[in-house]
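K.L.:
Handing over structure_16.json, JSON, C-alpha atoms and all ligand atoms.
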```json
[["chain", "number", "residue", "atom", "x", "y", "z"],
["E", 1, "MET", "CA", 96.92, 80.95, 73.78],
["E", 2, "PRO", "CA", 94.72, 83.57, 75.49],
["E", 3, "GLN", "CA", 96.16, 87.02, 76.01],
["E", 4, "TYR", "CA", 95.24, 90.12, 77.95],
["E", 5, "THR", "CA", 95.39, 93.32, 75.92],
["E", 6, "PRO", "CA", 95.18, 96.36, 78.19],
["E", 7, "PRO", "CA", 92.51, 98.77, 76.85],
["E", 8, "LEU", "CA", 94.95, 101.68, 76.88],
["E", 9, "ARG", "CA", 93.30, 103.80, 74.21],
["E", 10, "ASP", "CA", 89.87, 103.40, 75.84],
["E", 11, "MET", "CA", 91.30, 104.48, 79.18],
["E", 12, "GLN", "CA", 93.12, 107.44, 77.66],
["E", 13, "PHE", "CA", 89.95, 108.46, 75.83],
["E", 14, "VAL", "CA", 87.95, 108.47, 79.07],
["E", 15, "LEU", "CA", 90.67, 110.15, 81.13],
["E", 16, "HIS", "CA", 91.71, 112.80, 78.64],
["E", 17, "GLU", "CA", 89.00, 113.40, 76.07],
["E", 18, "VAL", "CA", 85.91, 112.75, 78.21],
["E", 19, "LEU", "CA", 86.99, 113.82, 81.71],
["E", 20, "GLY", "CA", 89.84, 116.24, 80.96],
["E", 21, "SER", "CA", 91.39, 114.67, 84.05],
["E", 22, "THR", "CA", 94.84, 116.28, 83.81],
["E", 23, "GLU", "CA", 93.51, 119.85, 83.79],
["E", 24, "ARG", "CA", 91.05, 119.13, 86.59],
["E", 25, "LEU", "CA", 93.59, 117.33, 88.75],
["E", 26, "ARG", "CA", 96.14, 120.12, 88.30],
["E", 27, "GLU", "CA", 93.70, 122.49, 89.99],
["E", 28, "LEU", "CA", 94.33, 120.55, 93.22],
["E", 29, "PRO", "CA", 97.53, 121.64, 95.00],
["E", 30, "GLN", "CA", 98.71, 118.09, 95.66],
["E", 31, "HIS", "CA", 98.42, 117.19, 91.96],
["E", 32, "ALA", "CA", 99.65, 120.45, 90.43],
["E", 33, "ASP", "CA", 102.52, 118.66, 88.67],
["E", 34, "VAL", "CA", 100.49, 115.82, 87.13],
["E", 35, "THR", "CA", 100.86, 115.64, 83.35],
["E", 36, "ARG", "CA", 99.15, 113.68, 80.64],
["E", 37, "GLU", "CA", 102.48, 112.04, 79.82],
["E", 38, "LEU", "CA", 102.88, 110.86, 83.44],
["E", 39, "THR", "CA", 99.37, 109.39, 83.50],
["E", 40, "ASP", "CA", 99.90, 107.67, 80.15],
["E", 41, "GLN", "CA", 103.25, 106.28, 81.19],
["E", 42, "VAL", "CA", 101.80, 104.78, 84.37],
["E", 43, "ILE", "CA", 98.91, 103.22, 82.48],
["E", 44, "GLU", "CA", 101.11, 101.86, 79.71],
["E", 45, "GLU", "CA", 103.68, 100.34, 82.08],
["E", 46, "GLY", "CA", 100.92, 99.10, 84.37],
["E", 47, "GLY", "CA", 99.26, 97.46, 81.39],
["E", 48, "LYS", "CA", 102.51, 95.70, 80.50],
["E", 49, "PHE", "CA", 102.87, 94.37, 84.04],
["E", 50, "CYS", "CA", 99.31, 93.08, 84.01],
["E", 51, "ALA", "CA", 99.57, 91.50, 80.56],
["E", 52, "GLU", "CA", 103.06, 90.03, 80.82],
["E", 53, "VAL", "CA", 103.42, 89.14, 84.50],
["E", 54, "LEU", "CA", 99.95, 88.65, 85.96],
["E", 55, "PHE", "CA", 97.80, 87.32, 83.17],
["E", 56, "PRO", "CA", 99.91, 84.16, 82.56],
["E", 57, "LEU", "CA", 99.52, 83.28, 86.26],
["E", 58, "ASN", "CA", 95.84, 82.50, 85.85],
["E", 59, "ARG", "CA", 96.91, 79.03, 84.81],
["E", 60, "SER", "CA", 98.81, 78.17, 88.01],
["E", 61, "GLY", "CA", 96.10, 79.95, 89.97],
["E", 62, "ASP", "CA", 93.42, 77.73, 88.46],
["E", 63, "GLU", "CA", 95.36, 74.47, 88.31],
["E", 64, "GLU", "CA", 97.22, 74.61, 91.64],
["E", 65, "GLY", "CA", 95.41, 77.14, 93.80],
["E", 66, "CYS", "CA", 96.78, 77.88, 97.24],
["E", 67, "THR", "CA", 97.92, 74.95, 99.35],
["E", 68, "TYR", "CA", 97.63, 74.70, 103.12],
["E", 69, "ALA", "CA", 100.28, 72.72, 104.94],
["E", 70, "GLY", "CA", 98.82, 73.18, 108.42],
["E", 71, "ASN", "CA", 100.08, 75.44, 111.20],
["E", 72, "GLY", "CA", 99.08, 78.55, 109.26],
["E", 73, "VAL", "CA", 101.45, 77.82, 106.37],
["E", 74, "VAL", "CA", 99.88, 78.71, 103.02],
["E", 75, "THR", "CA", 101.76, 78.51, 99.73],
["E", 76, "THR", "CA", 100.45, 80.54, 96.81],
["E", 77, "PRO", "CA", 100.42, 79.08, 93.28],
["E", 78, "LYS", "CA", 103.57, 79.04, 91.15],
["E", 79, "GLY", "CA", 104.64, 82.53, 90.10],
["E", 80, "PHE", "CA", 102.48, 84.48, 92.56],
["E", 81, "LYS", "CA", 105.34, 85.26, 94.93],
["E", 82, "GLU", "CA", 107.71, 86.25, 92.12],
["E", 83, "ALA", "CA", 105.01, 88.55, 90.73],
["E", 84, "TRP", "CA", 104.63, 90.17, 94.16],
["E", 85, "THR", "CA", 108.40, 90.79, 94.26],
["E", 86, "LEU", "CA", 108.26, 92.45, 90.83],
["E", 87, "PHE", "CA", 105.22, 94.47, 91.88],
["E", 88, "LYS", "CA", 107.09, 95.64, 94.96],
["E", 89, "GLU", "CA", 110.35, 96.37, 93.16],
["E", 90, "GLY", "CA", 108.51, 98.28, 90.46],
["E", 91, "GLY", "CA", 107.03, 100.62, 93.08],
["E", 92, "TRP", "CA", 103.45, 99.65, 92.18],
["E", 93, "PRO", "CA", 102.05, 99.43, 95.74],
["E", 94, "THR", "CA", 103.24, 103.01, 96.36],
["E", 95, "LEU", "CA", 101.40, 104.56, 93.40],
["E", 96, "THR", "CA", 98.63, 106.55, 95.07],
["E", 97, "CYS", "CA", 99.85, 106.32, 98.67],
["E", 98, "ASP", "CA", 100.82, 109.28, 100.83],
["E", 99, "PRO", "CA", 104.43, 110.47, 100.23],
["E", 100, "ALA", "CA", 104.76, 110.89, 104.03],
["E", 101, "TYR", "CA", 104.75, 107.07, 104.20],
["E", 102, "GLY", "CA", 106.79, 106.32, 101.10],
["E", 103, "GLY", "CA", 104.01, 106.66, 98.52],
["E", 104, "GLN", "CA", 104.17, 108.48, 95.20],
["E", 105, "GLY", "CA", 101.03, 110.51, 95.87],
["E", 106, "LEU", "CA", 99.60, 110.03, 92.37],
["E", 107, "PRO", "CA", 95.87, 110.73, 91.92],
["E", 108, "ALA", "CA", 93.36, 108.00, 92.76],
["E", 109, "THR", "CA", 92.09, 108.37, 89.18],
["E", 110, "VAL", "CA", 95.37, 106.91, 87.91],
["E", 111, "GLY", "CA", 95.35, 104.21, 90.60],
["E", 112, "ILE", "CA", 91.85, 103.13, 89.63],
["E", 113, "ALA", "CA", 92.86, 102.73, 85.99],
["E", 114, "PHE", "CA", 95.72, 100.47, 87.10],
["E", 115, "GLN", "CA", 93.45, 98.57, 89.49],
["E", 116, "GLU", "CA", 90.99, 97.93, 86.68],
["E", 117, "MET", "CA", 93.78, 96.26, 84.69],
["E", 118, "LEU", "CA", 94.95, 94.24, 87.70],
["E", 119, "ASN", "CA", 91.44, 92.90, 88.20],
["E", 120, "ALA", "CA", 90.94, 92.19, 84.52],
["E", 121, "ALA", "CA", 94.28, 90.40, 84.14],
["E", 122, "ASN", "CA", 94.22, 88.29, 87.29],
["E", 123, "GLN", "CA", 91.45, 88.80, 89.81],
["E", 124, "ALA", "CA", 92.84, 86.22, 92.25],
["E", 125, "TRP", "CA", 96.29, 87.82, 92.42],
["E", 126, "ALA", "CA", 94.78, 91.32, 92.55],
["E", 127, "MET", "CA", 93.13, 90.48, 95.89],
["E", 128, "TYR", "CA", 96.50, 90.70, 97.68],
["E", 129, "PRO", "CA", 97.27, 94.34, 96.82],
["E", 130, "GLY", "CA", 93.54, 95.18, 96.86],
["E", 131, "LEU", "CA", 92.98, 94.20, 100.49],
["E", 132, "THR", "CA", 96.32, 95.70, 101.51],
["E", 133, "HIS", "CA", 95.21, 99.01, 100.04],
["E", 134, "GLY", "CA", 91.89, 98.76, 101.91],
["E", 135, "ALA", "CA", 93.75, 98.24, 105.18],
["E", 136, "TYR", "CA", 96.10, 101.12, 104.25],
["E", 137, "ASN", "CA", 93.11, 103.44, 103.72],
["E", 138, "CYS", "CA", 91.57, 102.40, 107.03],
["E", 139, "LEU", "CA", 94.79, 103.03, 108.96],
["E", 140, "MET", "CA", 95.35, 106.36, 107.15],
["E", 141, "GLU", "CA", 91.89, 107.48, 108.20],
["E", 142, "HIS", "CA", 91.66, 106.07, 111.72],
["E", 143, "GLY", "CA", 95.13, 104.98, 112.89],
["E", 144, "THR", "CA", 97.08, 106.74, 115.62],
["E", 145, "GLU", "CA", 100.35, 108.42, 114.61],
["E", 146, "ALA", "CA", 102.28, 105.53, 116.20],
["E", 147, "GLN", "CA", 100.23, 102.93, 114.29],
["E", 148, "LYS", "CA", 100.70, 104.81, 111.04],
["E", 149, "ALA", "CA", 104.46, 105.08, 111.57],
["E", 150, "LEU", "CA", 104.68, 101.37, 112.33],
["E", 151, "TYR", "CA", 102.43, 99.88, 109.67],
["E", 152, "LEU", "CA", 102.06, 102.24, 106.74],
["E", 153, "PRO", "CA", 105.63, 102.47, 105.36],
["E", 154, "ARG", "CA", 105.83, 98.67, 105.27],
["E", 155, "MET", "CA", 102.39, 98.26, 103.71],
["E", 156, "VAL", "CA", 103.08, 100.99, 101.16],
["E", 157, "SER", "CA", 106.37, 99.39, 100.13],
["E", 158, "GLY", "CA", 104.79, 95.94, 99.84],
["E", 159, "GLU", "CA", 107.02, 94.49, 102.56],
["E", 160, "TRP", "CA", 103.85, 93.69, 104.54],
["E", 161, "THR", "CA", 100.33, 93.05, 103.29],
["E", 162, "GLY", "CA", 97.00, 93.68, 105.00],
["E", 163, "THR", "CA", 93.53, 92.20, 105.39],
["E", 164, "MET", "CA", 90.06, 93.39, 106.33],
["E", 165, "CYS", "CA", 88.51, 90.91, 108.79],
["E", 166, "LEU", "CA", 84.83, 91.86, 108.82],
["E", 167, "THR", "CA", 82.58, 88.94, 107.86],
["E", 168, "GLU", "CA", 81.46, 86.38, 110.47],
["E", 169, "PRO", "CA", 79.66, 83.07, 109.97],
["E", 170, "HIS", "CA", 76.26, 84.60, 110.79],
["E", 171, "CYS", "CA", 76.78, 88.04, 109.24],
["E", 172, "GLY", "CA", 78.24, 89.34, 106.00],
["E", 173, "THR", "CA", 76.23, 92.15, 104.49],
["E", 174, "ASP", "CA", 74.79, 93.20, 107.86],
["E", 175, "LEU", "CA", 77.87, 93.82, 109.95],
["E", 176, "GLY", "CA", 75.68, 95.35, 112.66],
["E", 177, "MET", "CA", 75.15, 91.75, 113.80],
["E", 178, "LEU", "CA", 78.82, 91.11, 114.42],
["E", 179, "ARG", "CA", 79.74, 89.34, 117.66],
["E", 180, "SER", "CA", 83.54, 89.57, 117.81],
["E", 181, "LYS", "CA", 84.61, 91.42, 120.94],
["E", 182, "ALA", "CA", 87.45, 93.83, 121.65],
["E", 183, "GLU", "CA", 88.15, 94.02, 125.39],
["E", 184, "PRO", "CA", 90.43, 96.91, 126.39],
["E", 185, "LYS", "CA", 93.52, 95.89, 128.36],
["E", 186, "ALA", "CA", 95.56, 97.93, 130.83],
["E", 187, "ASP", "CA", 98.43, 98.42, 128.36],
["E", 188, "GLY", "CA", 96.16, 100.11, 125.79],
["E", 189, "SER", "CA", 95.85, 97.04, 123.52],
["E", 190, "PHE", "CA", 92.67, 94.99, 123.02],
["E", 191, "ALA", "CA", 91.97, 91.30, 123.60],
["E", 192, "ILE", "CA", 90.06, 90.10, 120.53],
["E", 193, "THR", "CA", 87.71, 87.09, 120.58],
["E", 194, "GLY", "CA", 85.36, 85.89, 117.86],
["E", 195, "THR", "CA", 85.21, 84.08, 114.53],
["E", 196, "LYS", "CA", 85.81, 85.56, 111.08],
["E", 197, "ILE", "CA", 85.31, 83.85, 107.72],
["E", 198, "PHE", "CA", 86.05, 84.53, 104.03],
["E", 199, "ILE", "CA", 89.12, 86.65, 104.83],
["E", 200, "SER", "CA", 90.90, 87.25, 101.53],
["E", 201, "SER", "CA", 94.72, 87.06, 101.67],
["E", 202, "GLY", "CA", 94.40, 85.95, 105.29],
["E", 203, "GLU", "CA", 97.50, 83.77, 105.07],
["E", 204, "HIS", "CA", 100.08, 83.48, 102.30],
["E", 205, "ASP", "CA", 103.79, 83.42, 101.50],
["E", 206, "LEU", "CA", 104.11, 86.69, 99.58],
["E", 207, "ALA", "CA", 105.19, 89.02, 102.37],
["E", 208, "ASP", "CA", 107.07, 88.99, 105.66],
["E", 209, "ASN", "CA", 104.02, 89.90, 107.73],
["E", 210, "ILE", "CA", 100.25, 90.23, 107.34],
["E", 211, "VAL", "CA", 98.48, 93.03, 109.19],
["E", 212, "HIS", "CA", 94.93, 91.93, 110.03],
["E", 213, "LEU", "CA", 92.45, 94.71, 110.68],
["E", 214, "VAL", "CA", 89.77, 93.01, 112.77],
["E", 215, "LEU", "CA", 86.36, 94.60, 113.21],
["E", 216, "ALA", "CA", 85.11, 93.89, 116.74],
["E", 217, "ARG", "CA", 82.62, 95.28, 119.21],
["E", 218, "LEU", "CA", 83.63, 97.25, 122.32],
["E", 219, "PRO", "CA", 82.06, 96.02, 125.61],
["E", 220, "ASP", "CA", 79.81, 99.09, 125.91],
["E", 221, "ALA", "CA", 78.97, 99.31, 122.20],
["E", 222, "PRO", "CA", 75.32, 99.89, 121.30],
["E", 223, "ALA", "CA", 73.64, 97.47, 118.87],
["E", 224, "GLY", "CA", 74.31, 98.01, 115.17],
["E", 225, "THR", "CA", 77.41, 99.33, 113.43],
["E", 226, "GLY", "CA", 78.20, 102.25, 115.75],
["E", 227, "ALA", "CA", 81.13, 102.03, 118.17],
["E", 228, "SER", "CA", 82.69, 98.93, 116.68],
["E", 229, "ARG", "CA", 86.41, 99.02, 116.59],
["E", 230, "SER", "CA", 88.97, 97.95, 114.05],
["E", 231, "SER", "CA", 92.07, 96.55, 115.72],
["E", 232, "SER", "CA", 95.29, 95.63, 114.02],
["E", 233, "CYS", "CA", 96.73, 92.21, 114.75],
["E", 234, "PRO", "CA", 99.99, 90.82, 113.43],
["E", 235, "SER", "CA", 99.77, 87.55, 111.52],
["E", 236, "SER", "CA", 100.44, 84.15, 113.04],
["E", 237, "SER", "CA", 104.11, 85.03, 113.19],
["E", 238, "PRO", "CA", 104.82, 87.29, 116.18],
["E", 239, "MET", "CA", 105.59, 90.95, 115.58],
["E", 240, "PRO", "CA", 109.37, 91.44, 115.59],
["E", 241, "GLN", "CA", 110.45, 93.64, 118.51],
["E", 242, "ALA", "CA", 112.55, 95.79, 116.20],
["E", 243, "HIS", "CA", 109.40, 96.80, 114.36],
["E", 244, "SER", "CA", 107.65, 97.90, 117.56],
["E", 245, "ALA", "CA", 110.63, 99.98, 118.59],
["E", 246, "HIS", "CA", 110.78, 101.48, 115.12],
["E", 247, "ALA", "CA", 107.25, 102.82, 115.52],
["E", 248, "THR", "CA", 108.25, 105.40, 118.05],
["E", 249, "ALA", "CA", 111.88, 105.87, 117.10],
["E", 250, "SER", "CA", 111.69, 106.57, 113.41],
["E", 251, "PRO", "CA", 109.92, 109.53, 111.81],
["E", 252, "ALA", "CA", 108.33, 108.79, 108.44],
["E", 253, "VAL", "CA", 110.49, 110.01, 105.59],
["E", 254, "ALA", "CA", 108.81, 111.88, 102.76],
["E", 255, "SER", "CA", 109.58, 110.41, 99.36],
["E", 256, "LYS", "CA", 110.29, 112.62, 96.39],
["E", 257, "LYS", "CA", 109.93, 109.74, 93.99],
["E", 258, "ARG", "CA", 106.86, 110.10, 91.83],
["E", 259, "TRP", "CA", 107.22, 107.13, 89.60],
["E", 260, "ALA", "CA", 109.24, 103.96, 89.38],
["E", 261, "SER", "CA", 109.54, 102.02, 86.19],
["E", 262, "MET", "CA", 108.42, 98.43, 86.18],
["E", 263, "ALA", "CA", 110.82, 95.61, 86.83],
["E", 264, "MET", "CA", 110.27, 92.85, 84.29],
["E", 265, "PRO", "CA", 110.66, 89.14, 84.98],
["E", 266, "PRO", "CA", 113.77, 87.37, 83.70],
["E", 267, "ALA", "CA", 113.40, 85.88, 80.20],
["E", 268, "ARG", "CA", 112.30, 82.27, 80.33],
["E", 301, "LIG", "C1", 85.73, 85.87, 97.20],
["E", 301, "LIG", "C2", 85.30, 86.51, 98.48],
["E", 301, "LIG", "C3", 86.20, 87.24, 99.22],
["E", 301, "LIG", "C4", 85.82, 87.81, 100.43],
["E", 301, "LIG", "N1", 86.73, 88.52, 101.15],
["E", 301, "LIG", "C5", 86.38, 89.02, 102.34],
["E", 301, "LIG", "C6", 87.34, 89.71, 103.14],
["E", 301, "LIG", "O1", 88.49, 89.88, 102.76],
["E", 301, "LIG", "N2", 86.95, 90.19, 104.33],
["E", 301, "LIG", "C7", 85.68, 90.04, 104.79],
["E", 301, "LIG", "O2", 85.39, 90.51, 105.88],
["E", 301, "LIG", "N3", 84.73, 89.39, 104.05],
["E", 301, "LIG", "C8", 85.08, 88.88, 102.84],
["E", 301, "LIG", "N4", 84.14, 88.21, 102.10],
["E", 301, "LIG", "C9", 82.81, 88.08, 102.60],
["E", 301, "LIG", "C10", 81.84, 89.04, 101.93],
["E", 301, "LIG", "O3", 82.09, 90.36, 102.34],
["E", 301, "LIG", "C11", 80.44, 88.55, 102.29],
["E", 301, "LIG", "O4", 80.27, 87.32, 101.65],
["E", 301, "LIG", "C12", 79.41, 89.52, 101.84],
["E", 301, "LIG", "O5", 79.48, 90.67, 102.68],
["E", 301, "LIG", "C13", 78.01, 88.92, 101.88],
["E", 301, "LIG", "O6", 77.77, 88.34, 103.11],
["E", 301, "LIG", "P1", 77.11, 86.86, 103.22],
["E", 301, "LIG", "O7", 77.94, 85.94, 102.39],
["E", 301, "LIG", "O8", 76.95, 86.54, 104.67],
["E", 301, "LIG", "O9", 75.71, 86.99, 102.54],
["E", 301, "LIG", "P2", 74.38, 87.60, 103.17],
["E", 301, "LIG", "O10", 74.69, 88.83, 103.95],
["E", 301, "LIG", "O11", 73.67, 86.50, 103.89],
["E", 301, "LIG", "O12", 73.60, 88.00, 101.86],
["E", 301, "LIG", "C14", 72.96, 87.00, 101.06],
["E", 301, "LIG", "C15", 72.09, 87.70, 100.05],
["E", 301, "LIG", "O13", 71.09, 88.50, 100.71],
["E", 301, "LIG", "C16", 71.16, 89.84, 100.27],
["E", 301, "LIG", "N5", 70.94, 90.74, 101.41],
["E", 301, "LIG", "C17", 71.59, 90.72, 102.59],
["E", 301, "LIG", "N6", 71.09, 91.67, 103.43],
["E", 301, "LIG", "C18", 70.11, 92.29, 102.75],
["E", 301, "LIG", "C19", 69.22, 93.36, 103.07],
["E", 301, "LIG", "N7", 69.24, 93.94, 104.26],
["E", 301, "LIG", "N8", 68.34, 93.75, 102.12],
["E", 301, "LIG", "C20", 68.32, 93.15, 100.89],
["E", 301, "LIG", "N9", 69.12, 92.14, 100.55],
["E", 301, "LIG", "C21", 70.02, 91.71, 101.45],
["E", 301, "LIG", "C22", 72.57, 90.03, 99.72],
["E", 301, "LIG", "O14", 72.62, 91.04, 98.73],
["E", 301, "LIG", "C23", 72.83, 88.64, 99.11],
["E", 301, "LIG", "O15", 72.28, 88.56, 97.84],
["E", 301, "LIG", "C24", 84.50, 87.65, 100.89],
["E", 301, "LIG", "C25", 83.57, 86.93, 100.12],
["E", 301, "LIG", "C26", 83.96, 86.36, 98.95],
["E", 301, "LIG", "C27", 82.95, 85.60, 98.15]]
```
Would you write out, as structure tokens, the structure that this file holds?
Ligand SMILES: Cc1cc2nc3c(=O)[nH]c(=O)nc-3n(C[C@H](O)[C@H](O)[C@H](O)COP(=O)(O)OP(=O)(O)OC[C@H]3O[C@@H](n4cnc5c(N)ncnc54)[C@H](O)[C@@H]3O)c2cc1C
P.N.:
Amino acid sequence: MPQYTPPLRDMQFVLHEVLGSTERLRELPQHADVTRELTDQVIEEGGKFCAEVLFPLNRSGDEEGCTYAGNGVVTTPKGFKEAWTLFKEGGWPTLTCDPAYGGQGLPATVGIAFQEMLNAANQAWAMYPGLTHGAYNCLMEHGTEAQKALYLPRMVSGEWTGTMCLTEPHCGTDLGMLRSKAEPKADGSFAITGTKIFISSGEHDLADNIVHLVLARLPDAPAGTGASRSSSCPSSSPMPQAHSAHATASPAVASKKRWASMAMPPAR
């Protein structure tokens, strides 16, 4: 039976012997308390999660795939949802995210090592956290404070996932040709029209909500990629009112947690 063996020693060699990453990271105020032991522990536990939980799911991924029941209902292959729950409970989505939104604030260097193992062990499953992290980065960089307070804690915890809706039937690489429109409305929101294709993790049963970041053109936008806008849209299920209220009512709580050990699946 095939197995995935995480290349731990290779990663440690590159991180420690080649890059001297711990010493260099500790020069940065936000990573002053990073240690070699912490990095190694994350990589080792991350490797176990990838080898023991994700790798075996390639079989159901290949044999079953996702199934579409109509009305926006997509069921992921056997084991995908349980793996997401373990991923969430183990604190893995929080790894490199901002502590102001519930993240552990670990260096991107450590996150990339983990991501490499996710991709190697199960590329299909890795798309779900991968796109969520892309949407997280976009909101971190460009979101308003209210949007960040509403979306980020839930995306960091893994309660909600995210997508990046960029590609259209006539344009993939050259997004300057995109035709989707974002019309401003009186209440400050945007009416989005257009067609997107190839949207990874666009619908699934892993999380309670999917936050779609949709790239669209403002009415007065010049040609090309300038002045396009990324708007966040809830998934096919409507946004619960409680969540909207929470956006303005609840300040983000800084997390002191730096690392959560991995939750393992029950013995079969
Ligand atoms: C598995 C998968 C997941 C995806 N997930 C997402 C997603 O989550 N969100 C999303 O928005 N999109 C997603 N996409 C779409 C993806 O981003 C596009 O397929 C990609 O950008 C390429 O666009 P295209 O398919 O239209 O190819 P084209 O843009 O038509 O490119 C075709 C070929 O022409 C080459 N080419 C294009 N322009 C130039 C140029 N100016 N000069 C030289 N060569 C050029 C390209 O390199 C390529 O070889 C996904 C695609 C796949 C396959």
K.L.:
Could you list, as a CSV table (one decimal) with C-alpha atoms, keeping the file's coordinate frame, all residues that come within 12 Å of ligand LIG 301 (chain E)? Count all atoms listed in the file.
P.N.:
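Dumped everything to part.csv:
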```
chain,number,residue,atom,x,y,z
E,123,GLN,CA,91.4,88.8,89.8
E,124,ALA,CA,92.8,86.2,92.2
E,125,TRP,CA,96.3,87.8,92.4
E,126,ALA,CA,94.8,91.3,92.6
E,127,MET,CA,93.1,90.5,95.9
E,128,TYR,CA,96.5,90.7,97.7
E,129,PRO,CA,97.3,94.3,96.8
E,130,GLY,CA,93.5,95.2,96.9
E,131,LEU,CA,93.0,94.2,100.5
E,132,THR,CA,96.3,95.7,101.5
E,133,HIS,CA,95.2,99.0,100.0
E,134,GLY,CA,91.9,98.8,101.9
E,135,ALA,CA,93.8,98.2,105.2
E,162,GLY,CA,97.0,93.7,105.0
E,163,THR,CA,93.5,92.2,105.4
E,164,MET,CA,90.1,93.4,106.3
E,165,CYS,CA,88.5,90.9,108.8
E,166,LEU,CA,84.8,91.9,108.8
E,167,THR,CA,82.6,88.9,107.9
E,168,GLU,CA,81.5,86.4,110.5
E,169,PRO,CA,79.7,83.1,110.0
E,170,HIS,CA,76.3,84.6,110.8
E,171,CYS,CA,76.8,88.0,109.2
E,172,GLY,CA,78.2,89.3,106.0
E,173,THR,CA,76.2,92.2,104.5
E,174,ASP,CA,74.8,93.2,107.9
E,175,LEU,CA,77.9,93.8,110.0
E,176,GLY,CA,75.7,95.4,112.7
E,177,MET,CA,75.2,91.8,113.8
E,178,LEU,CA,78.8,91.1,114.4
E,195,THR,CA,85.2,84.1,114.5
E,196,LYS,CA,85.8,85.6,111.1
E,197,ILE,CA,85.3,83.8,107.7
E,198,PHE,CA,86.0,84.5,104.0
E,199,ILE,CA,89.1,86.6,104.8
E,200,SER,CA,90.9,87.2,101.5
E,201,SER,CA,94.7,87.1,101.7
E,202,GLY,CA,94.4,86.0,105.3
E,203,GLU,CA,97.5,83.8,105.1
E,212,HIS,CA,94.9,91.9,110.0
E,213,LEU,CA,92.4,94.7,110.7
E,214,VAL,CA,89.8,93.0,112.8
E,215,LEU,CA,86.4,94.6,113.2
E,216,ALA,CA,85.1,93.9,116.7
E,230,SER,CA,89.0,98.0,114.0
```
K.L.:
At what distance in Å, to one decimal, does CA of Val156 (chain E) lie from CA of Pro93 (chain E)?
P.N.:
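A separation of 5.7 Å between them.
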K.L.:
Leaving out Pro153 (chain E) and any residue of its chain fewer than 2 positions from it, which residues lie within 10 Å of it when counting all atoms listed in the file, given as a PyMOL selection string?
P.N.:
chain E and resi 94+97-103+136+148-151+155-160+252-253
K.L.:
Kindly provide, as an MDAnalysis selection string, the polymer residues lying within 10 Å of (93.8, 95.9, 76.6), counting all atoms listed in the file and using the coordinates exactly as they appear in the file.
P.N.:
chainID E and resid 3:11 44 47:48 50:51 117 120:121
K.L.:
Could you give me, as a list of chain:residue names, the residues within 10 Å of Thr22 (chain E), counting only C-alpha atoms and dropping anything in the same chain fewer than 4 positions from it?
P.N.:
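So, after excluding close chain neighbours, the residues are E:Leu15, E:His16, E:Arg26, E:Glu27, E:His31, E:Ala32, E:Asp33, E:Val34, E:Thr35, E:Arg36, E:Glu37, E:Leu38, E:Thr39, E:Pro107, E:Thr109.
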K.L.:
Go through E:Gly65, E:Gln30, E:Ser180, E:Pro56 one by one, measure the shortest atom-to-atom distance of each to Ala108 (chain E) using all atoms listed in the file, and give the residue with the smallest value.
P.N.:
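Among E:Gly65, E:Gln30, E:Ser180, E:Pro56, it is E:Gln30 that comes nearest to Ala108 (chain E).
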K.L.:
What does the structure give for the distance between CA of Leu139 (chain E) and CA of Ser189 (chain E), in Å to one decimal?
P.N.:
15.8 Å
K.L.:
Restricting the calculation to all atoms listed in the file: of E:Phe49, E:Phe87, E:Ala207, E:Gly224, which residue gets closest to Arg154 (chain E)?
P.N.:
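Closest to Arg154 (chain E), using all atoms listed in the file: E:Ala207.
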K.L.:
Under the rule that all atoms listed in the file are counted, which of E:Val110, E:Gly188, E:Asp220, E:Thr161 is the nearest residue to Leu25 (chain E)?
P.N.:
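When distances to Leu25 (chain E) are compared using all atoms listed in the file, the smallest one comes from E:Val110.
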K.L.:
Please report the interatomic distance between CA of Gly90 (chain E) and CA of Glu23 (chain E) in Å with one decimal.
P.N.:
27.1 Å
K.L.:
Between E:Pro219, E:Gly72, E:Pro184, E:Gly105, which one has atoms that come closest to His204 (chain E), using only C-alpha atoms?
P.N.:
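Using only C-alpha atoms, His204 (chain E) sits closest to E:Gly72.
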K.L.:
Rebuild region 24-31 of chain E so that it carries N, CA and C atoms, then output the result as a JSON list (two decimals), keeping the file's coordinate frame.
P.N.:
```
[["chain", "number", "residue", "atom", "x", "y", "z"],
["E", 24, "ARG", "N", 91.83, 119.05, 85.34],
["E", 24, "ARG", "CA", 91.05, 119.13, 86.59],
["E", 24, "ARG", "C", 91.90, 118.76, 87.79],
["E", 25, "LEU", "N", 92.74, 117.73, 87.62],
["E", 25, "LEU", "CA", 93.59, 117.33, 88.75],
["E", 25, "LEU", "C", 94.60, 118.41, 89.09],
["E", 26, "ARG", "N", 95.12, 119.09, 88.06],
["E", 26, "ARG", "CA", 96.14, 120.12, 88.30],
["E", 26, "ARG", "C", 95.60, 121.31, 89.10],
["E", 27, "GLU", "N", 94.28, 121.41, 89.17],
["E", 27, "GLU", "CA", 93.70, 122.49, 89.99],
["E", 27, "GLU", "C", 93.87, 122.19, 91.49],
["E", 28, "LEU", "N", 94.14, 120.93, 91.81],
["E", 28, "LEU", "CA", 94.33, 120.55, 93.22],
["E", 28, "LEU", "C", 95.82, 120.70, 93.57],
["E", 29, "PRO", "N", 96.12, 121.38, 94.67],
["E", 29, "PRO", "CA", 97.53, 121.64, 95.00],
["E", 29, "PRO", "C", 98.40, 120.38, 95.01],
["E", 30, "GLN", "N", 97.87, 119.28, 95.55],
["E", 30, "GLN", "CA", 98.71, 118.09, 95.66],
["E", 30, "GLN", "C", 98.98, 117.42, 94.31],
["E", 31, "HIS", "N", 98.21, 117.80, 93.28],
["E", 31, "HIS", "CA", 98.42, 117.19, 91.96],
["E", 31, "HIS", "C", 98.80, 118.22, 90.90]]
```
